[in-house]
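Structure data follow from structure.pdb (PDB, C-alpha atoms and all ligand atoms):
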```pdb
ATOM      1  CA  MET A   1     119.549 145.128  77.182
ATOM      2  CA  SER A   2     117.911 148.543  77.554
ATOM      3  CA  ALA A   3     119.892 150.060  74.705
ATOM      4  CA  SER A   4     118.797 147.469  72.149
ATOM      5  CA  LEU A   5     115.102 148.079  72.857
ATOM      6  CA  LYS A   6     115.307 151.830  72.366
ATOM      7  CA  GLY A   7     113.120 152.912  69.456
ATOM      8  CA  LYS A   8     111.717 149.417  68.837
ATOM      9  CA  SER A   9     108.054 149.195  67.894
ATOM     10  CA  VAL A  10     106.233 146.857  70.261
ATOM     11  CA  ILE A  11     102.670 145.520  70.466
ATOM     12  CA  VAL A  12     101.474 144.214  73.826
ATOM     13  CA  THR A  13      98.149 142.386  73.674
ATOM     14  CA  GLY A  14      96.252 142.634  76.947
ATOM     15  CA  GLY A  15      98.552 145.537  77.744
ATOM     16  CA  SER A  16      95.921 147.582  79.565
ATOM     17  CA  LYS A  17      96.075 145.652  82.827
ATOM     18  CA  GLY A  18      98.081 143.254  84.939
ATOM     19  CA  ILE A  19     101.072 141.489  83.440
ATOM     20  CA  GLY A  20     100.561 143.122  80.038
ATOM     21  CA  LYS A  21     100.649 146.555  81.648
ATOM     22  CA  GLY A  22     103.852 145.539  83.421
ATOM     23  CA  ILE A  23     105.371 144.370  80.125
ATOM     24  CA  ALA A  24     104.312 147.593  78.371
ATOM     25  CA  SER A  25     105.762 149.657  81.196
ATOM     26  CA  VAL A  26     109.145 147.885  81.103
ATOM     27  CA  PHE A  27     109.429 148.251  77.305
ATOM     28  CA  ALA A  28     108.414 151.930  77.479
ATOM     29  CA  GLY A  29     110.986 152.415  80.236
ATOM     30  CA  HIS A  30     113.655 151.045  77.872
ATOM     31  CA  GLY A  31     112.672 153.606  75.223
ATOM     32  CA  ALA A  32     110.517 151.342  73.036
ATOM     33  CA  LYS A  33     107.400 152.648  71.254
ATOM     34  CA  VAL A  34     104.511 150.662  72.666
ATOM     35  CA  LEU A  35     101.049 149.973  71.259
ATOM     36  CA  ILE A  36      98.657 148.625  73.877
ATOM     37  CA  VAL A  37      95.899 146.409  72.492
ATOM     38  CA  ALA A  38      92.836 145.354  74.491
ATOM     39  CA  ARG A  39      89.085 145.101  73.948
ATOM     40  CA  ASN A  40      88.271 147.986  76.290
ATOM     41  CA  LEU A  41      89.717 151.093  74.609
ATOM     42  CA  LYS A  42      89.255 153.352  77.652
ATOM     43  CA  ASP A  43      91.363 151.046  79.853
ATOM     44  CA  ALA A  44      94.035 150.802  77.141
ATOM     45  CA  GLU A  45      94.091 154.577  76.704
ATOM     46  CA  ALA A  46      94.348 155.124  80.458
ATOM     47  CA  THR A  47      97.377 152.831  80.628
ATOM     48  CA  ALA A  48      98.977 154.487  77.583
ATOM     49  CA  LEU A  49      98.498 157.889  79.225
ATOM     50  CA  GLU A  50     100.105 156.620  82.438
ATOM     51  CA  LEU A  51     103.147 155.383  80.518
ATOM     52  CA  THR A  52     103.359 158.609  78.518
ATOM     53  CA  LYS A  53     103.247 160.695  81.705
ATOM     54  CA  ALA A  54     106.113 158.578  83.032
ATOM     55  CA  GLY A  55     108.167 159.683  80.007
ATOM     56  CA  GLY A  56     107.516 156.753  77.658
ATOM     57  CA  THR A  57     106.089 156.505  74.153
ATOM     58  CA  ALA A  58     102.806 154.619  74.260
ATOM     59  CA  SER A  59      99.390 154.680  72.651
ATOM     60  CA  ALA A  60      96.331 152.485  72.579
ATOM     61  CA  CYS A  61      94.156 150.668  70.095
ATOM     62  CA  THR A  62      91.121 148.476  70.550
ATOM     63  CA  GLY A  63      91.350 144.856  69.436
ATOM     64  CA  ASP A  64      90.134 141.389  70.283
ATOM     65  CA  VAL A  65      92.795 138.700  69.888
ATOM     66  CA  THR A  66      90.151 136.183  68.809
ATOM     67  CA  LYS A  67      89.488 138.245  65.670
ATOM     68  CA  LEU A  68      92.015 138.254  62.831
ATOM     69  CA  ALA A  69      90.681 141.510  61.310
ATOM     70  CA  ASP A  70      91.089 143.275  64.663
ATOM     71  CA  MET A  71      94.668 142.122  65.051
ATOM     72  CA  GLN A  72      95.535 142.954  61.438
ATOM     73  CA  ALA A  73      94.233 146.477  62.090
ATOM     74  CA  ALA A  74      96.252 146.670  65.322
ATOM     75  CA  ALA A  75      99.434 145.556  63.552
ATOM     76  CA  LYS A  76      98.892 148.179  60.840
ATOM     77  CA  THR A  77      98.256 150.823  63.498
ATOM     78  CA  ALA A  78     101.628 150.033  65.099
ATOM     79  CA  VAL A  79     103.345 150.331  61.707
ATOM     80  CA  ASP A  80     101.549 153.597  60.846
ATOM     81  CA  ARG A  81     102.338 155.172  64.217
ATOM     82  CA  HIS A  82     105.828 153.778  64.794
ATOM     83  CA  GLY A  83     107.244 153.124  61.329
ATOM     84  CA  GLY A  84     107.340 149.336  61.626
ATOM     85  CA  LEU A  85     106.860 146.466  64.041
ATOM     86  CA  ASP A  86     109.680 144.684  65.857
ATOM     87  CA  VAL A  87     108.160 142.903  68.838
ATOM     88  CA  LEU A  88     104.870 141.164  69.541
ATOM     89  CA  CYS A  89     104.152 140.367  73.162
ATOM     90  CA  ALA A  90     101.257 137.892  72.886
ATOM     91  CA  ASN A  91     100.017 138.278  76.420
ATOM     92  CA  ALA A  92      96.218 138.596  76.439
ATOM     93  CA  GLY A  93      94.584 135.815  78.403
ATOM     94  CA  ILE A  94      91.645 134.893  80.608
ATOM     95  CA  PHE A  95      91.406 132.381  83.430
ATOM     96  CA  PRO A  96      87.850 131.765  84.678
ATOM     97  CA  GLN A  97      87.952 128.915  87.211
ATOM     98  CA  ALA A  98      85.619 125.913  86.883
ATOM     99  CA  LYS A  99      86.155 122.241  87.706
ATOM    100  CA  ILE A 100      85.390 119.711  84.968
ATOM    101  CA  GLU A 101      82.032 118.814  86.502
ATOM    102  CA  ASP A 102      80.907 122.446  86.328
ATOM    103  CA  LEU A 103      82.863 123.551  83.256
ATOM    104  CA  ASP A 104      80.579 124.159  80.291
ATOM    105  CA  PRO A 105      81.813 123.720  76.718
ATOM    106  CA  GLN A 106      81.160 127.381  75.953
ATOM    107  CA  THR A 107      83.595 128.525  78.657
ATOM    108  CA  TRP A 108      86.118 125.980  77.386
ATOM    109  CA  ASP A 109      85.811 127.495  73.908
ATOM    110  CA  GLU A 110      86.174 131.066  75.195
ATOM    111  CA  VAL A 111      89.372 130.221  77.056
ATOM    112  CA  VAL A 112      90.847 128.272  74.139
ATOM    113  CA  ASP A 113      89.825 130.989  71.658
ATOM    114  CA  THR A 114      91.398 133.782  73.710
ATOM    115  CA  ASN A 115      94.533 132.163  75.084
ATOM    116  CA  LEU A 116      95.539 129.699  72.369
ATOM    117  CA  LYS A 117      93.860 130.699  69.130
ATOM    118  CA  GLY A 118      94.448 134.343  70.162
ATOM    119  CA  THR A 119      98.189 133.663  70.256
ATOM    120  CA  PHE A 120      98.111 132.200  66.749
ATOM    121  CA  ILE A 121      95.953 135.050  65.415
ATOM    122  CA  SER A 122      98.200 137.710  66.970
ATOM    123  CA  VAL A 123     101.317 136.133  65.441
ATOM    124  CA  LYS A 124      99.649 135.673  62.035
ATOM    125  CA  ALA A 125      98.472 139.302  61.933
ATOM    126  CA  CYS A 126     101.869 140.717  62.942
ATOM    127  CA  LEU A 127     104.006 138.398  60.823
ATOM    128  CA  PRO A 128     104.049 140.430  57.580
ATOM    129  CA  TYR A 129     105.555 143.371  59.508
ATOM    130  CA  LEU A 130     107.796 141.386  61.872
ATOM    131  CA  LYS A 131     109.423 139.903  58.755
ATOM    132  CA  ASN A 132     110.608 143.410  57.837
ATOM    133  CA  SER A 133     112.252 143.978  61.209
ATOM    134  CA  LYS A 134     115.955 143.417  61.774
ATOM    135  CA  GLN A 135     115.150 142.187  65.284
ATOM    136  CA  GLY A 136     111.770 140.421  64.954
ATOM    137  CA  ARG A 137     110.578 138.961  68.232
ATOM    138  CA  VAL A 138     107.545 137.127  69.541
ATOM    139  CA  VAL A 139     107.275 136.787  73.304
ATOM    140  CA  ILE A 140     104.380 134.679  74.544
ATOM    141  CA  THR A 141     102.981 134.912  78.072
ATOM    142  CA  SER A 142     102.286 131.299  79.027
ATOM    143  CA  SER A 143     102.133 130.111  82.677
ATOM    144  CA  ILE A 144     103.518 127.477  85.006
ATOM    145  CA  THR A 145      99.895 126.195  85.153
ATOM    146  CA  GLY A 146      99.582 123.651  82.372
ATOM    147  CA  PRO A 147     103.153 123.318  81.092
ATOM    148  CA  VAL A 148     104.535 122.398  84.536
ATOM    149  CA  THR A 149     101.853 122.310  87.233
ATOM    150  CA  GLY A 150      98.133 121.721  87.645
ATOM    151  CA  TYR A 151      95.476 123.484  89.677
ATOM    152  CA  PRO A 152      91.861 122.352  90.168
ATOM    153  CA  GLY A 153      89.483 124.437  88.107
ATOM    154  CA  TRP A 154      91.952 125.138  85.357
ATOM    155  CA  THR A 155      91.890 122.168  82.986
ATOM    156  CA  HIS A 156      90.890 124.461  80.127
ATOM    157  CA  TYR A 157      93.359 127.166  81.097
ATOM    158  CA  GLY A 158      96.235 124.717  81.641
ATOM    159  CA  ALA A 159      95.534 123.116  78.266
ATOM    160  CA  THR A 160      95.836 126.501  76.552
ATOM    161  CA  LYS A 161      99.025 127.484  78.374
ATOM    162  CA  ALA A 162     100.663 124.160  77.491
ATOM    163  CA  GLY A 163      99.262 124.513  73.972
ATOM    164  CA  GLN A 164     100.988 127.873  73.547
ATOM    165  CA  LEU A 165     104.320 126.096  74.022
ATOM    166  CA  GLY A 166     103.432 123.507  71.390
ATOM    167  CA  PHE A 167     102.612 126.376  69.045
ATOM    168  CA  MET A 168     105.882 128.127  69.938
ATOM    169  CA  ARG A 169     108.082 125.103  69.190
ATOM    170  CA  THR A 170     106.920 124.873  65.598
ATOM    171  CA  ALA A 171     106.490 128.625  65.088
ATOM    172  CA  CYS A 172     110.122 129.247  66.068
ATOM    173  CA  ILE A 173     111.268 126.858  63.334
ATOM    174  CA  GLU A 174     108.943 128.334  60.697
ATOM    175  CA  LEU A 175     109.907 131.931  61.503
ATOM    176  CA  ALA A 176     113.645 131.411  61.951
ATOM    177  CA  LYS A 177     114.208 132.039  58.232
ATOM    178  CA  TYR A 178     112.981 135.595  58.780
ATOM    179  CA  GLY A 179     115.306 136.075  61.747
ATOM    180  CA  ILE A 180     112.306 136.122  64.108
ATOM    181  CA  THR A 181     112.679 134.431  67.496
ATOM    182  CA  VAL A 182     109.733 133.017  69.442
ATOM    183  CA  ASN A 183     110.027 132.437  73.183
ATOM    184  CA  ALA A 184     107.732 132.203  76.189
ATOM    185  CA  VAL A 185     107.707 133.552  79.725
ATOM    186  CA  LEU A 186     106.030 131.272  82.277
ATOM    187  CA  PRO A 187     104.882 133.372  85.241
ATOM    188  CA  GLY A 188     104.013 131.858  88.571
ATOM    189  CA  ASN A 189     101.496 133.788  90.640
ATOM    190  CA  VAL A 190     101.757 137.488  89.911
ATOM    191  CA  ILE A 191      99.847 140.300  91.601
ATOM    192  CA  THR A 192      97.390 141.567  88.971
ATOM    193  CA  GLU A 193      93.793 142.719  88.690
ATOM    194  CA  GLY A 194      92.924 139.242  87.375
ATOM    195  CA  LEU A 195      94.577 137.487  90.316
ATOM    196  CA  ALA A 196      92.946 139.850  92.816
ATOM    197  CA  ASN A 197      89.573 138.541  91.615
ATOM    198  CA  LEU A 198      90.547 135.096  92.963
ATOM    199  CA  GLY A 199      90.483 136.502  96.517
ATOM    200  CA  GLU A 200      92.868 137.212  99.391
ATOM    201  CA  GLU A 201      92.819 133.633 100.714
ATOM    202  CA  TYR A 202      94.068 132.331  97.328
ATOM    203  CA  GLN A 203      96.844 134.938  97.248
ATOM    204  CA  ARG A 204      97.936 134.185 100.833
ATOM    205  CA  THR A 205      98.039 130.407 100.218
ATOM    206  CA  MET A 206      99.945 130.828  96.978
ATOM    207  CA  ALA A 207     102.523 133.162  98.557
ATOM    208  CA  ALA A 208     103.097 130.576 101.328
ATOM    209  CA  SER A 209     103.920 127.916  98.713
ATOM    210  CA  VAL A 210     106.622 130.050  97.084
ATOM    211  CA  PRO A 211     110.208 129.662  98.400
ATOM    212  CA  LEU A 212     110.724 133.433  98.052
ATOM    213  CA  LYS A 213     107.507 133.839 100.129
ATOM    214  CA  ARG A 214     105.805 136.418  97.967
ATOM    215  CA  LEU A 215     103.892 136.723  94.733
ATOM    216  CA  GLY A 216     105.632 138.115  91.673
ATOM    217  CA  THR A 217     105.291 141.646  90.348
ATOM    218  CA  VAL A 218     104.235 142.529  86.828
ATOM    219  CA  ALA A 219     107.555 144.317  86.279
ATOM    220  CA  GLU A 220     109.402 141.058  87.021
ATOM    221  CA  ILE A 221     107.503 139.396  84.163
ATOM    222  CA  GLY A 222     108.105 142.461  81.996
ATOM    223  CA  ASN A 223     111.846 142.175  82.591
ATOM    224  CA  ALA A 224     111.848 138.565  81.358
ATOM    225  CA  ALA A 225     109.871 139.557  78.245
ATOM    226  CA  ALA A 226     112.263 142.448  77.603
ATOM    227  CA  PHE A 227     115.218 140.063  77.825
ATOM    228  CA  PHE A 228     113.757 137.762  75.144
ATOM    229  CA  ALA A 229     113.149 140.843  72.963
ATOM    230  CA  SER A 230     116.636 142.256  73.435
ATOM    231  CA  ALA A 231     119.623 141.956  71.094
ATOM    232  CA  GLU A 232     121.374 139.930  73.805
ATOM    233  CA  ALA A 233     118.797 137.150  73.345
ATOM    234  CA  ALA A 234     119.247 137.002  69.555
ATOM    235  CA  TYR A 235     120.410 133.350  69.595
ATOM    236  CA  ILE A 236     117.633 132.116  71.888
ATOM    237  CA  THR A 237     114.479 130.746  70.255
ATOM    238  CA  GLY A 238     111.833 128.183  71.142
ATOM    239  CA  GLN A 239     112.680 128.492  74.831
ATOM    240  CA  THR A 240     110.838 129.084  78.072
ATOM    241  CA  LEU A 241     111.746 131.111  81.147
ATOM    242  CA  ILE A 242     109.950 130.355  84.405
ATOM    243  CA  VAL A 243     109.537 133.416  86.643
ATOM    244  CA  ASP A 244     107.862 132.070  89.783
ATOM    245  CA  GLY A 245     109.995 132.721  92.877
ATOM    246  CA  GLY A 246     110.938 129.037  92.889
ATOM    247  CA  GLN A 247     107.317 127.896  93.270
ATOM    248  CA  ILE A 248     107.601 124.742  91.149
ATOM    249  CA  VAL A 249     110.789 123.509  92.839
ATOM    250  CA  PRO A 250     109.917 122.091  96.308
ATOM    251  CA  GLU A 251     108.933 118.394  96.270
ATOM    252  CA  SER A 252     106.328 119.040  98.967
ATOM    253  CA  LEU A 253     105.112 121.611 101.503
ATOM    254  CA  GLU A 254     107.244 119.680 104.028
ATOM    255  CA  ALA A 255     110.319 120.399 101.895
ATOM    256  CA  LEU A 256     109.439 124.073 102.054
ATOM    257  CA  ALA A 257     108.639 124.079 105.796
ATOM    258  CA  SER A 258     111.881 122.312 106.781
ATOM    259  CA  ALA A 259     114.144 124.826 105.000
TER
HETATM  260  P1  LIG A 301      94.350 140.506  83.668
HETATM  261  O1  LIG A 301      94.876 141.362  84.770
HETATM  262  O2  LIG A 301      92.952 139.971  83.797
HETATM  263  O3  LIG A 301      94.491 141.313  82.282
HETATM  264  C1  LIG A 301      94.100 140.672  81.088
HETATM  265  C2  LIG A 301      94.372 141.585  79.911
HETATM  266  O4  LIG A 301      94.048 140.888  78.704
HETATM  267  C3  LIG A 301      93.531 142.846  79.931
HETATM  268  O5  LIG A 301      94.268 143.897  79.351
HETATM  269  C4  LIG A 301      92.358 142.484  79.021
HETATM  270  O6  LIG A 301      91.754 143.663  78.500
HETATM  271  C5  LIG A 301      93.081 141.655  77.972
HETATM  272  N1  LIG A 301      92.233 140.713  77.219
HETATM  273  C6  LIG A 301      91.455 139.717  77.686
HETATM  274  N2  LIG A 301      90.826 139.108  76.669
HETATM  275  C7  LIG A 301      91.210 139.739  75.536
HETATM  276  C8  LIG A 301      90.905 139.583  74.161
HETATM  277  N3  LIG A 301      90.041 138.651  73.724
HETATM  278  N4  LIG A 301      91.511 140.392  73.265
HETATM  279  C9  LIG A 301      92.374 141.363  73.668
HETATM  280  N5  LIG A 301      92.701 141.557  74.955
HETATM  281  C10 LIG A 301      92.120 140.759  75.876
HETATM  282  O7  LIG A 301      95.259 139.228  83.453
HETATM  283  P2  LIG A 301      96.779 138.939  83.894
HETATM  284  O8  LIG A 301      96.744 138.281  85.209
HETATM  285  O9  LIG A 301      97.607 140.125  83.685
HETATM  286  O10 LIG A 301      97.163 137.825  82.804
HETATM  287  C11 LIG A 301      97.812 138.190  81.587
HETATM  288  C12 LIG A 301      98.479 136.965  81.003
HETATM  289  O11 LIG A 301      99.363 136.418  81.970
HETATM  290  C13 LIG A 301      97.512 135.846  80.627
HETATM  291  O12 LIG A 301      97.931 135.246  79.429
HETATM  292  C14 LIG A 301      97.632 134.869  81.771
HETATM  293  O13 LIG A 301      97.380 133.553  81.368
HETATM  294  C15 LIG A 301      99.104 135.041  82.137
HETATM  295  N6  LIG A 301      99.426 134.648  83.510
HETATM  296  C16 LIG A 301      98.970 135.357  84.586
HETATM  297  C17 LIG A 301      99.367 134.964  85.878
HETATM  298  C18 LIG A 301      98.961 135.741  87.095
HETATM  299  O14 LIG A 301      99.368 135.340  88.212
HETATM  300  N7  LIG A 301      98.256 136.828  86.992
HETATM  301  C19 LIG A 301     100.156 133.822  86.046
HETATM  302  C20 LIG A 301     100.586 133.114  84.930
HETATM  303  C21 LIG A 301     100.223 133.541  83.663
HETATM  304  P3  LIG A 301      90.225 143.672  77.930
HETATM  305  O15 LIG A 301      89.385 142.908  78.903
HETATM  306  O16 LIG A 301      89.876 145.134  77.838
HETATM  307  O17 LIG A 301      90.278 143.027  76.584
END
```
Show me this structure written as structure tokens.
Amino acid sequence: MSASLKGKSVIVTGGSKGIGKGIASVFAGHGAKVLIVARNLKDAEATALELTKAGGTASACTGDVTKLADMQAAAKTAVDRHGGLDVLCANAGIFPQAKIEDLDPQTWDEVVDTNLKGTFISVKACLPYLKNSKQGRVVITSSITGPVTGYPGWTHYGATKAGQLGFMRTACIELAKYGITVNAVLPGNVITEGLANLGEEYQRTMAASVPLKRLGTVAEIGNAAAFFASAEAAYITGQTLIVDGGQIVPESLEALASA
């Protein structure tokens, strides 16, 4: 796997923090040339510097996935700096918690715009360049929340994460003629800056509900993304990979406790 990613040009949206940073780090570790895209340029540059100091090739560019012009500029930046574009990791996402009774339509729109429309916009902006790659790949960061499970306060979020898979299943058919594959990683609960904001109690409870008894690491999600982007995954498209420590498997907490 590592050999086939060497020299590939990769965009990671939301690559400045959390899972995106983990994805960027794994790709850079495999010798890929990584462009980190996020709204806050300083954060993106700090992450790029970290990866560069670790021996990787990485740089940063500001961009908001809800804006087509931003993502078109980001895609062109990757091509200008790295001679092409092979992989888009559509990872940027937000997950403010609010139950239906408290959820205002504006927050709904922000979450849908970022997570779902942002996926479409990122793919659309990168497509002209991915078509020129011999190993064009789109790897979407979805979630178990929405496609498989539910969690109070995340109707909007779950709808977007399930929606990304609906998008993927048609996108993979449309883009197959260009040799581009489209797949999705579905993380469970992963230790990130975003998750830390939900508090220690949330993290402790979630870890207890996972058969492997811990939260995931960002590198473990990065490894799954790198697999989908590798030459070894060339015949896999329109598929999902759950990376959750077995969290969705137990029928009940009793099933987990009696193991
Ligand atoms: P995070 O730590 O909060 O990081 C989010 C990243 O996305 C940051 O780099 C942020 O940078 C960027 N971002 C947010 N809005 C953006 C926008 N409009 N345009 C461009 N970049 C934007 O979040 P995370 O936990 O790593 O989550 C990343 C992805 O993993 C999301 O899609 C999320 O749904 C998914 N996920 C996370 C978990 C988990 O346990 N953490 C579980 C399942 C799925 P700026 O703010 O500077 O733009």
Given 7 Å and all atoms listed in the file, residues near ligand LIG 301 (chain A) as number ranges by chain: A: 13-20, 37-41, 43, 63-66, 91-95, 114-115, 141-145, 161, 186-195
Distance criterion (all atoms listed in the file): nearest to Ala60 (chain A) out of A:Glu251, A:Glu101, A:Glu45, A:Glu174: A:Glu45
Pick from A:Gln72, A:Thr149, A:Thr217, A:Ser252, whichever lies nearest to Cys126 (chain A) using all atoms listed in the file: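 Counting all atoms listed in the file, the residue closest to Cys126 (chain A) is A:Gln72.
When all atoms listed in the file are used to measure the gap to Gly158 (chain A), the shortest distance among A:Gln203, A:Thr237, A:Gln97, A:Asn223 belongs to A:Gln97.
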Residue contacts of Val34 (chain A) (6 Å, all atoms listed in the file) excluding same-chain residues fewer than 6 positions away, as a PyMOL selection string: chain A and resi 10-11+58
Distance in Å - CA of Ile121 (chain A) versus CA of Thr77 (chain A):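 So the answer is 16.1 Å.
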Coordinates-based distance that separates CA of Ala78 (chain A) from CA of Lys33 (chain A) (Å, one decimal):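 Straight-line distance from CA of Lys33 (chain A) to CA of Ala78 (chain A) works out to 8.8 Å.
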Pick from A:Ala74, A:Leu103, A:Leu127, A:Ala226 nearest to Ser4 (chain A), counting all atoms listed in the file: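 Under the stated criterion, the closest residue is A:Ala226.
Between Ser9 (chain A) and the residues A:Pro147, A:Gly166, A:Pro211, A:Gly84, the shortest atom-to-atom distance, using only C-alpha atoms, involves A:Gly84.
Residues lying within 8 Å of Gly153 (chain A), counting only C-alpha atoms and ignoring same-chain neighbours fewer than 3 positions away, are Gln97, Ala98, Lys99 and Ile100 of chain A.
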